[in-house]
file my_file06.txt (compact mmCIF, C-alpha atoms)
# COMPACT_ATOMS: atom_id res chain seq x y z
CA MET A 1 -10.11 1.80 4.97
CA THR A 2 -8.95 -1.81 4.63
CA ASP A 3 -8.37 -3.12 1.11
CA LEU A 4 -11.00 -5.79 1.87
CA VAL A 5 -13.54 -3.14 0.86
CA LYS A 6 -13.31 -0.89 -2.18
CA VAL A 7 -15.12 2.45 -1.94
CA SER A 8 -15.77 4.61 -4.99
CA ASP A 9 -17.80 7.74 -5.65
CA VAL A 10 -19.57 8.65 -8.90
CA GLY A 11 -21.62 11.81 -8.58
CA HIS A 12 -23.66 11.49 -5.40
CA VAL A 13 -23.47 7.67 -5.35
CA ARG A 14 -21.01 5.86 -3.12
CA THR A 15 -20.39 2.22 -4.01
CA ILE A 16 -19.11 -0.14 -1.34
CA MET A 17 -17.65 -3.29 -2.88
CA LEU A 18 -16.70 -6.37 -0.90
CA ASN A 19 -13.20 -7.16 -2.16
CA ARG A 20 -12.28 -10.71 -1.34
CA PRO A 21 -12.92 -12.34 -4.73
CA ASP A 22 -10.60 -15.30 -4.14
CA LYS A 23 -12.91 -16.32 -1.26
CA LYS A 24 -16.12 -15.35 -3.06
CA ASN A 25 -16.23 -12.40 -0.64
CA ALA A 26 -16.79 -14.74 2.31
CA LEU A 27 -16.93 -12.81 5.55
CA SER A 28 -13.96 -12.61 7.82
CA THR A 29 -14.61 -10.51 10.90
CA GLU A 30 -12.37 -7.80 9.43
CA LEU A 31 -14.34 -7.68 6.17
CA ALA A 32 -17.67 -7.62 8.01
CA TRP A 33 -16.64 -4.72 10.22
CA ALA A 34 -15.17 -2.92 7.20
CA VAL A 35 -18.55 -3.02 5.45
CA ILE A 36 -20.26 -1.67 8.56
CA GLY A 37 -17.67 1.08 8.90
CA ALA A 38 -18.04 2.05 5.25
CA VAL A 39 -21.83 2.36 5.59
CA ASP A 40 -21.54 4.40 8.79
CA GLU A 41 -19.01 6.70 7.12
CA ALA A 42 -21.15 7.22 4.02
CA ALA A 43 -24.20 7.94 6.18
CA GLY A 44 -22.42 10.99 7.61
CA ILE A 45 -21.37 12.59 4.31
CA ASP A 46 -23.90 15.04 2.88
CA ASN A 47 -22.56 14.74 -0.67
CA VAL A 48 -23.40 11.02 -0.65
CA ARG A 49 -27.09 10.67 -1.39
CA VAL A 50 -27.34 6.99 -2.33
CA ILE A 51 -25.20 4.02 -1.26
CA ALA A 52 -24.69 0.84 -3.28
CA ILE A 53 -23.33 -2.40 -1.82
CA THR A 54 -22.07 -5.09 -4.18
CA GLY A 55 -19.38 -7.73 -4.51
CA SER A 56 -16.19 -8.08 -6.53
CA GLY A 57 -15.63 -10.89 -8.98
CA ASP A 58 -18.49 -13.29 -9.61
CA SER A 59 -19.95 -13.27 -6.08
CA PHE A 60 -21.84 -10.96 -3.76
CA CYS A 61 -20.95 -12.72 -0.51
CA ALA A 62 -20.64 -16.45 0.21
CA GLY A 63 -21.45 -15.97 3.91
CA LEU A 64 -19.21 -16.58 6.89
CA ASP A 65 -15.73 -17.91 6.11
CA LEU A 66 -15.98 -21.30 7.82
CA SER A 67 -12.26 -21.90 7.46
CA GLY A 68 -11.77 -19.57 10.42
CA GLY A 69 -9.08 -16.91 10.68
CA GLU A 70 -7.95 -14.27 13.09
CA ARG A 71 -10.79 -12.51 14.89
CA TYR A 72 -11.01 -8.75 14.61
CA SER A 73 -13.08 -5.98 16.15
CA PRO A 74 -12.77 -2.19 15.88
CA LEU A 75 -14.28 -1.91 19.37
CA THR A 76 -12.25 -1.42 22.51
CA PRO A 77 -11.73 -4.54 24.65
CA GLN A 78 -14.34 -3.38 27.14
CA SER A 79 -16.87 -2.49 24.43
CA SER A 80 -16.24 -5.86 22.78
CA GLN A 81 -16.90 -7.58 26.10
CA LEU A 82 -20.25 -5.79 26.42
CA ASP A 83 -21.26 -6.21 22.75
CA ASP A 84 -24.05 -8.80 22.58
CA ILE A 85 -24.93 -8.26 18.90
CA GLY A 86 -21.60 -8.28 17.08
CA TRP A 87 -21.02 -7.58 13.40
CA VAL A 88 -23.72 -10.04 12.37
CA GLY A 89 -26.43 -7.81 13.84
CA GLN A 90 -24.74 -4.56 12.92
CA PHE A 91 -25.41 -5.12 9.20
CA LEU A 92 -29.09 -4.37 9.67
CA LEU A 93 -28.60 -1.68 12.32
CA SER A 94 -26.06 0.23 10.23
CA ILE A 95 -28.01 0.01 6.97
CA ARG A 96 -31.55 0.50 8.21
CA LYS A 97 -31.36 2.21 11.59
CA ARG A 98 -28.25 4.42 11.54
CA CYS A 99 -28.28 5.25 7.83
CA ASP A 100 -31.35 7.10 6.61
CA LYS A 101 -30.12 7.26 3.01
CA PRO A 102 -31.25 4.72 0.39
CA VAL A 103 -28.96 1.68 0.32
CA VAL A 104 -29.19 -0.35 -2.87
CA GLY A 105 -28.07 -3.98 -2.84
CA GLY A 106 -26.32 -5.08 -6.00
CA ILE A 107 -26.51 -8.88 -5.79
CA ASN A 108 -24.10 -9.67 -8.60
CA GLY A 109 -23.59 -13.33 -7.67
CA VAL A 110 -23.95 -15.89 -4.91
CA ALA A 111 -25.38 -14.60 -1.61
CA VAL A 112 -25.48 -17.16 1.20
CA GLY A 113 -26.07 -17.06 4.97
CA ALA A 114 -24.86 -13.81 6.47
CA GLY A 115 -24.12 -12.70 2.90
CA LEU A 116 -27.81 -13.05 2.14
CA GLY A 117 -28.48 -11.21 5.40
CA LEU A 118 -26.32 -8.32 4.20
CA ALA A 119 -28.15 -8.25 0.88
CA MET A 120 -31.59 -8.36 2.49
CA ALA A 121 -30.65 -5.58 4.92
CA THR A 122 -30.45 -3.16 2.01
CA ASP A 123 -33.51 -1.10 1.17
CA VAL A 124 -33.96 -2.25 -2.44
CA ARG A 125 -32.12 -4.87 -4.46
CA LEU A 126 -31.10 -5.58 -8.01
CA VAL A 127 -30.08 -9.17 -8.73
CA ALA A 128 -28.05 -10.66 -11.55
CA ARG A 129 -29.86 -13.28 -13.58
CA SER A 130 -27.39 -16.05 -12.65
CA ALA A 131 -27.07 -15.06 -8.98
CA ARG A 132 -27.87 -17.75 -6.40
CA LEU A 133 -29.51 -16.76 -3.12
CA MET A 134 -29.64 -19.22 -0.24
CA ALA A 135 -29.98 -19.01 3.55
CA GLY A 136 -28.10 -22.27 4.13
CA TYR A 137 -28.40 -22.45 7.91
CA THR A 138 -30.06 -25.86 8.03
CA ARG A 139 -27.16 -27.29 6.04
CA ILE A 140 -24.60 -26.29 8.68
CA GLY A 141 -26.76 -26.84 11.76
CA GLY A 142 -27.29 -23.15 12.47
CA SER A 143 -30.24 -20.79 12.78
CA PRO A 144 -30.89 -17.55 10.89
CA ASP A 145 -28.91 -14.45 11.83
CA ALA A 146 -27.79 -11.20 10.17
CA GLY A 147 -31.35 -9.92 10.48
CA LEU A 148 -32.92 -12.58 8.26
CA THR A 149 -35.72 -13.38 10.74
CA ILE A 150 -36.75 -9.76 10.23
CA THR A 151 -35.99 -9.06 6.57
CA LEU A 152 -37.04 -12.31 4.87
CA PRO A 153 -40.59 -12.40 6.32
CA GLN A 154 -40.90 -8.69 5.49
CA ALA A 155 -39.91 -9.32 1.89
CA MET A 156 -41.51 -12.71 1.23
CA GLY A 157 -44.23 -13.22 3.81
CA TYR A 158 -44.12 -15.64 6.73
CA GLU A 159 -44.79 -18.97 5.00
CA ARG A 160 -42.56 -18.32 2.01
CA ALA A 161 -39.73 -17.30 4.33
CA MET A 162 -40.26 -20.42 6.46
CA ARG A 163 -40.26 -22.69 3.43
CA PHE A 164 -37.25 -20.98 1.87
CA MET A 165 -35.16 -21.53 4.99
CA MET A 166 -36.51 -24.90 6.16
CA GLU A 167 -36.18 -26.47 2.72
CA ASN A 168 -32.72 -24.96 2.21
CA ARG A 169 -33.86 -23.59 -1.13
CA THR A 170 -31.77 -21.75 -3.65
CA ALA A 171 -33.35 -18.94 -5.70
CA LEU A 172 -31.84 -17.75 -8.97
CA GLY A 173 -32.32 -14.19 -10.17
CA GLU A 174 -35.80 -14.40 -11.68
CA GLU A 175 -37.20 -16.52 -8.85
CA ALA A 176 -35.67 -14.15 -6.30
CA VAL A 177 -37.71 -11.33 -7.84
CA ALA A 178 -40.84 -13.49 -7.91
CA LEU A 179 -40.36 -14.29 -4.22
CA GLY A 180 -39.96 -10.62 -3.32
CA MET A 181 -36.26 -10.86 -2.43
CA ALA A 182 -35.33 -8.29 -5.08
CA GLY A 183 -37.14 -5.79 -7.25
CA GLU A 184 -35.33 -6.23 -10.55
CA VAL A 185 -33.36 -8.92 -12.38
CA VAL A 186 -30.58 -7.83 -14.72
CA ASP A 187 -28.53 -9.74 -17.29
CA ASP A 188 -25.08 -10.53 -15.91
CA ASP A 189 -23.13 -8.58 -18.53
CA LYS A 190 -25.19 -5.44 -17.92
CA PHE A 191 -25.40 -5.70 -14.15
CA HIS A 192 -22.87 -3.18 -12.86
CA ASP A 193 -23.89 -0.54 -15.42
CA ARG A 194 -27.54 -0.97 -14.49
CA LEU A 195 -26.76 -0.81 -10.76
CA GLN A 196 -24.94 2.47 -11.22
CA ALA A 197 -27.64 3.88 -13.50
CA TYR A 198 -30.39 3.00 -11.02
CA CYS A 199 -28.54 4.65 -8.14
CA GLN A 200 -27.92 7.76 -10.24
CA GLN A 201 -31.63 7.84 -11.08
CA LEU A 202 -32.48 7.97 -7.36
CA CYS A 203 -30.12 10.93 -6.96
CA GLU A 204 -32.48 13.02 -9.11
CA TRP A 205 -34.82 13.32 -6.12
CA SER A 206 -34.28 15.61 -3.15
CA PRO A 207 -31.95 13.95 -0.61
CA ILE A 208 -34.13 15.39 2.14
CA THR A 209 -37.16 13.65 0.66
CA LEU A 210 -35.32 10.35 0.33
CA ARG A 211 -34.00 10.44 3.89
CA LEU A 212 -37.37 11.29 5.42
CA LEU A 213 -39.04 8.65 3.24
CA LYS A 214 -36.66 6.00 4.52
CA ARG A 215 -37.05 7.11 8.13
CA GLY A 216 -40.81 6.71 7.86
CA MET A 217 -40.63 3.33 6.15
CA VAL A 218 -38.15 1.89 8.66
CA LYS A 219 -40.15 3.25 11.59
CA SER A 220 -43.31 1.60 10.30
CA MET A 221 -41.58 -1.79 10.16
CA GLU A 222 -40.34 -1.69 13.74
CA SER A 223 -43.40 -3.21 15.35
CA THR A 224 -40.91 -5.17 17.46
CA ASP A 225 -37.66 -3.71 18.69
CA MET A 226 -34.97 -4.37 16.08
CA GLU A 227 -32.09 -4.66 18.54
CA GLN A 228 -34.07 -7.05 20.77
CA GLN A 229 -34.80 -9.28 17.78
CA LEU A 230 -31.14 -9.24 16.71
CA ARG A 231 -30.05 -10.28 20.21
CA TYR A 232 -32.59 -13.10 20.05
CA GLU A 233 -31.12 -14.25 16.74
CA VAL A 234 -27.58 -14.24 18.11
CA ALA A 235 -28.63 -16.15 21.23
CA ASN A 236 -30.33 -18.78 19.07
CA ILE A 237 -27.42 -19.30 16.69
CA ARG A 238 -25.03 -19.68 19.62
CA ILE A 239 -27.21 -22.46 20.98
CA ALA A 240 -27.51 -24.04 17.54
CA PHE A 241 -23.79 -23.98 16.77
CA SER A 242 -22.86 -25.45 20.17
CA SER A 243 -24.95 -28.58 19.55
CA ASP A 244 -23.60 -31.96 18.48
CA ASP A 245 -25.89 -31.80 15.46
CA ALA A 246 -24.22 -28.59 14.29
CA LYS A 247 -20.79 -30.17 14.60
CA GLU A 248 -22.01 -33.16 12.60
CA ALA A 249 -23.55 -30.85 9.98
CA ARG A 250 -20.29 -28.95 9.48
CA THR A 251 -18.24 -32.15 9.36
CA ALA A 252 -20.60 -33.61 6.76
CA PHE A 253 -20.49 -30.35 4.80
CA PHE A 254 -16.70 -30.49 4.48
CA GLU A 255 -16.73 -34.25 3.84
CA LYS A 256 -19.44 -33.80 1.17
CA ARG A 257 -21.78 -36.38 2.68
CA LYS A 258 -25.27 -36.46 4.14
CA PRO A 259 -25.27 -35.64 7.88
CA VAL A 260 -26.67 -38.01 10.51
CA PHE A 261 -28.37 -36.07 13.30
CA SER A 262 -28.82 -37.29 16.87
CA GLY A 263 -30.97 -34.48 18.20
CA LYS A 264 -28.31 -33.42 20.71
call {"tool": "encode", "arguments": {"input": "my_file06.txt", "output": "structure tokens"}}
result
Amino acid sequence: MTDLVKVSDVGHVRTIMLNRPDKKNALSTELAWAVIGAVDEAAGIDNVRVIAITGSGDSFCAGLDLSGGERYSPLTPQSSQLDDIGWVGQFLLSIRKRCDKPVVGGINGVAVGAGLGLAMATDVRLVARSARLMAGYTRIGGSPDAGLTITLPQAMGYERAMRFMMENRTALGEEAVALGMAGEVVDDDKFHDRLQAYCQQLCEWSPITLRLLKRGMVKSMESTDMEQQLRYEVANIRIAFSSDDAKEARTAFFEKRKPVFSGK
């Protein structure tokens, strides 16, 4: 396992920690695939009953690392060529579809873009009081990915999700709970202890019960095909990022100025 992800076991709980604190756990392709691999591995271990995903340092995940970097994929060249979802869609598929064990999101700090997508892909979430949650796609000329067109409307309702993303809103811990993005807010200094205690509490139930419960809940939410929706997301963000407006948005972001859009 790459050192970009720290994996630890306490009892029947496996904690997967994004470990790129100097970058606020921003997602390189290697880190993203490492998270997916860690979830897939934990899903196949009977002794692991509950999985927690959290971030190192003061952040959960600041989204895609826009500074670039070497691309990475664990897939073979041919499989990579045929892969039309990529890591950004695999977050939701690995956590919800391939893993039938409860996955608890520990949002210990900022969660933006695909980082928010990773957080929202988890089954239930605890959020630190000072954590900041933001989609951020309008700011960089993109469109939602990482499953957010599925998970945000599920959690918040259609209009709230639309407003949250269109208005580029930021929700702190208490507001995130009020919006339905998390189920519990925790004081920062008590966060990691509470996350571990909550996961241990879930382990008191039968793992068979928990796995069947999750299977039923996920099945009930798949009124549209999950993989089809993820492909639609990826197709949309490719179109968005190839536009002149997206280039202007990213340039303005780095230059710390207001963008001027041409509609091209």
call {"tool": "closest_residue", "arguments": {"input": "my_file06.txt", "among": "A:Thr170, A:Asn25, A:Asn236, A:Thr151", "to": "Met221 in chain A", "atoms": "only C-alpha atoms"}}
result
A:Thr151
call {"tool": "residues_around", "arguments": {"input": "my_file06.txt", "residues": "Glu175 in chain A", "least_positions_apart": "5", "cutoff": "10 Å", "atoms": "all atoms listed in the file", "output": "PyMOL selection string"}}
result
chain A and resi 129+132-133+170+180-182+185
call {"tool": "residues_around", "arguments": {"input": "my_file06.txt", "residues": "Lys23 in chain A", "least_positions_apart": "4", "cutoff": "12 Å", "atoms": "all atoms listed in the file", "output": "PyMOL selection string"}}
result
chain A and resi 4+18-19+27-28+31+55-67+110
call {"tool": "residues_around", "arguments": {"input": "my_file06.txt", "residues": "Ser242 in chain A", "least_positions_apart": "6", "cutoff": "10 Å", "atoms": "only C-alpha atoms", "output": "PDB file with C-alpha atoms, in the frame of the given file"}}
result
ATOM      1  CA  GLY A 141     -26.760 -26.840  11.760  1.00  0.00           C
ATOM      2  CA  GLY A 142     -27.290 -23.150  12.470  1.00  0.00           C
ATOM      3  CA  LYS A 264     -28.310 -33.420  20.710  1.00  0.00           C
TER       4      LYS A 264
END
call {"tool": "atom_distance", "arguments": {"input": "my_file06.txt", "atom1": "CA of His192 in chain A", "atom2": "CA of Ala176 in chain A"}}
result
18.1 Å
call {"tool": "closest_residue", "arguments": {"input": "my_file06.txt", "among": "A:Asp245, A:Asp123, A:Glu227, A:Asp83", "to": "Asp100 in chain A", "atoms": "all atoms listed in the file"}}
result
A:Asp123
call {"tool": "closest_residue", "arguments": {"input": "my_file06.txt", "among": "A:Ile45, A:Leu179, A:Ser130, A:Ser80", "to": "Pro153 in chain A", "atoms": "only C-alpha atoms"}}
result
A:Leu179
call {"tool": "closest_atom_pairs", "arguments": {"input": "my_file06.txt", "of": "range 19-137 of chain A", "to": "range 198-214 of chain A", "cutoff": "12 Å", "atoms": "all atoms listed in the file", "output": "Markdown table"}}
result
| residue | atom | partner | partner_atom | distance |
| --- | --- | --- | --- | --- |
| A:Ala43 | CA | A:Arg211 | CA | 10.4 |
| A:Ile45 | CA | A:Pro207 | CA | 11.7 |
| A:Asp46 | CA | A:Pro207 | CA | 8.8 |
| A:Asn47 | CA | A:Pro207 | CA | 9.4 |
| A:Val48 | CA | A:Pro207 | CA | 9.0 |
| A:Arg49 | CA | A:Pro207 | CA | 5.9 |
| A:Val50 | CA | A:Cys199 | CA | 6.4 |
| A:Ile51 | CA | A:Cys199 | CA | 7.7 |
| A:Ala52 | CA | A:Cys199 | CA | 7.3 |
| A:Ile53 | CA | A:Cys199 | CA | 10.8 |
| A:Ile95 | CA | A:Lys214 | CA | 10.8 |
| A:Arg96 | CA | A:Lys214 | CA | 8.4 |
| A:Lys97 | CA | A:Lys214 | CA | 9.6 |
| A:Arg98 | CA | A:Lys214 | CA | 11.1 |
| A:Cys99 | CA | A:Arg211 | CA | 8.7 |
| A:Asp100 | CA | A:Arg211 | CA | 5.1 |
| A:Lys101 | CA | A:Arg211 | CA | 5.1 |
| A:Pro102 | CA | A:Lys214 | CA | 6.9 |
| A:Val103 | CA | A:Cys199 | CA | 9.0 |
| A:Val104 | CA | A:Cys199 | CA | 7.3 |
| A:Gly105 | CA | A:Cys199 | CA | 10.1 |
| A:Gly106 | CA | A:Cys199 | CA | 10.2 |
| A:Thr122 | CA | A:Lys214 | CA | 11.3 |
| A:Asp123 | CA | A:Lys214 | CA | 8.5 |
| A:Val124 | CA | A:Cys199 | CA | 10.5 |
| A:Arg125 | CA | A:Tyr198 | CA | 10.4 |
| A:Leu126 | CA | A:Tyr198 | CA | 9.1 |
call {"tool": "atom_distance", "arguments": {"input": "my_file06.txt", "atom1": "CA of Phe241 in chain A", "atom2": "CA of Val260 in chain A"}}
result
15.6 Å
call {"tool": "residues_around", "arguments": {"input": "my_file06.txt", "residues": "Met226 in chain A", "least_positions_apart": "2", "cutoff": "10 Å", "atoms": "only C-alpha atoms", "output": "MDAnalysis selection string"}}
result
chainID A and resid 89 92:93 96:97 147 150 221:224 228:232
call {"tool": "atom_distance", "arguments": {"input": "my_file06.txt", "atom1": "CA of Ala121 in chain A", "atom2": "CA of Asp188 in chain A"}}
result
22.1 Å
call {"tool": "closest_residue", "arguments": {"input": "my_file06.txt", "among": "A:Asn108, A:Ile140, A:Tyr158, A:Arg71", "to": "Pro259 in chain A", "atoms": "all atoms listed in the file"}}
result
A:Ile140
call {"tool": "closest_residue", "arguments": {"input": "my_file06.txt", "among": "A:Leu82, A:Gln196, A:Gly44, A:Ala161", "to": "Ser8 in chain A", "atoms": "only C-alpha atoms"}}
result
A:Gln196
call {"tool": "closest_residue", "arguments": {"input": "my_file06.txt", "among": "A:Val234, A:Ile107, A:Val186, A:Val88", "to": "Ser143 in chain A", "atoms": "all atoms listed in the file"}}
result
A:Val234
call {"tool": "residues_around", "arguments": {"input": "my_file06.txt", "residues": "Tyr72 in chain A", "least_positions_apart": "6", "cutoff": "9 Å", "atoms": "only C-alpha atoms", "output": "ChimeraX atom specification"}}
result
/A:28-30,33
call {"tool": "build_atoms", "arguments": {"input": "my_file06.txt", "residues": "range 143-165 of chain A", "atoms": "N, CA and C atoms", "output": "CSV table (one decimal), in the coordinates of the input"}}
result
chain,number,residue,atom,x,y,z
A,143,SER,N,-28.9,-21.4,12.8
A,143,SER,CA,-30.2,-20.8,12.8
A,143,SER,C,-30.0,-19.4,12.2
A,144,PRO,N,-31.1,-18.8,11.6
A,144,PRO,CA,-30.9,-17.6,10.9
A,144,PRO,C,-30.3,-16.4,11.8
A,145,ASP,N,-29.4,-15.6,11.2
A,145,ASP,CA,-28.9,-14.4,11.8
A,145,ASP,C,-28.8,-13.4,10.8
A,146,ALA,N,-28.0,-12.3,11.1
A,146,ALA,CA,-27.8,-11.2,10.2
A,146,ALA,C,-29.1,-10.5,9.8
A,147,GLY,N,-30.1,-10.6,10.7
A,147,GLY,CA,-31.4,-9.9,10.5
A,147,GLY,C,-32.4,-10.7,9.6
A,148,LEU,N,-32.0,-11.9,9.2
A,148,LEU,CA,-32.9,-12.6,8.3
A,148,LEU,C,-34.3,-12.9,8.8
A,149,THR,N,-34.4,-13.1,10.2
A,149,THR,CA,-35.7,-13.4,10.7
A,149,THR,C,-36.6,-12.1,10.7
A,150,ILE,N,-36.0,-11.0,10.4
A,150,ILE,CA,-36.8,-9.8,10.2
A,150,ILE,C,-37.0,-9.5,8.7
A,151,THR,N,-35.9,-9.5,8.0
A,151,THR,CA,-36.0,-9.1,6.6
A,151,THR,C,-36.6,-10.0,5.6
A,152,LEU,N,-36.4,-11.3,5.8
A,152,LEU,CA,-37.0,-12.3,4.9
A,152,LEU,C,-38.6,-12.3,5.0
A,153,PRO,N,-39.1,-12.4,6.2
A,153,PRO,CA,-40.6,-12.4,6.3
A,153,PRO,C,-41.2,-11.1,5.8
A,154,GLN,N,-40.4,-10.0,6.0
A,154,GLN,CA,-40.9,-8.7,5.5
A,154,GLN,C,-41.0,-8.7,4.0
A,155,ALA,N,-40.0,-9.3,3.3
A,155,ALA,CA,-39.9,-9.3,1.9
A,155,ALA,C,-40.8,-10.4,1.2
A,156,MET,N,-40.9,-11.6,1.9
A,156,MET,CA,-41.5,-12.7,1.2
A,156,MET,C,-42.8,-13.1,1.8
A,157,GLY,N,-43.1,-12.7,3.1
A,157,GLY,CA,-44.2,-13.2,3.8
A,157,GLY,C,-43.8,-14.4,4.7
A,158,TYR,N,-44.5,-14.7,5.7
A,158,TYR,CA,-44.1,-15.6,6.7
A,158,TYR,C,-43.9,-17.0,6.2
A,159,GLU,N,-44.9,-17.6,5.4
A,159,GLU,CA,-44.8,-19.0,5.0
A,159,GLU,C,-43.7,-19.1,4.0
A,160,ARG,N,-43.6,-18.2,3.0
A,160,ARG,CA,-42.6,-18.3,2.0
A,160,ARG,C,-41.2,-18.3,2.7
A,161,ALA,N,-41.0,-17.4,3.6
A,161,ALA,CA,-39.7,-17.3,4.3
A,161,ALA,C,-39.4,-18.6,5.1
A,162,MET,N,-40.4,-19.2,5.8
A,162,MET,CA,-40.3,-20.4,6.5
A,162,MET,C,-39.9,-21.5,5.5
A,163,ARG,N,-40.6,-21.7,4.4
A,163,ARG,CA,-40.3,-22.7,3.4
A,163,ARG,C,-38.9,-22.5,2.8
A,164,PHE,N,-38.6,-21.3,2.5
A,164,PHE,CA,-37.2,-21.0,1.9
A,164,PHE,C,-36.1,-21.4,2.8
A,165,MET,N,-36.2,-21.2,4.1
A,165,MET,CA,-35.2,-21.5,5.0
A,165,MET,C,-35.2,-23.0,5.4
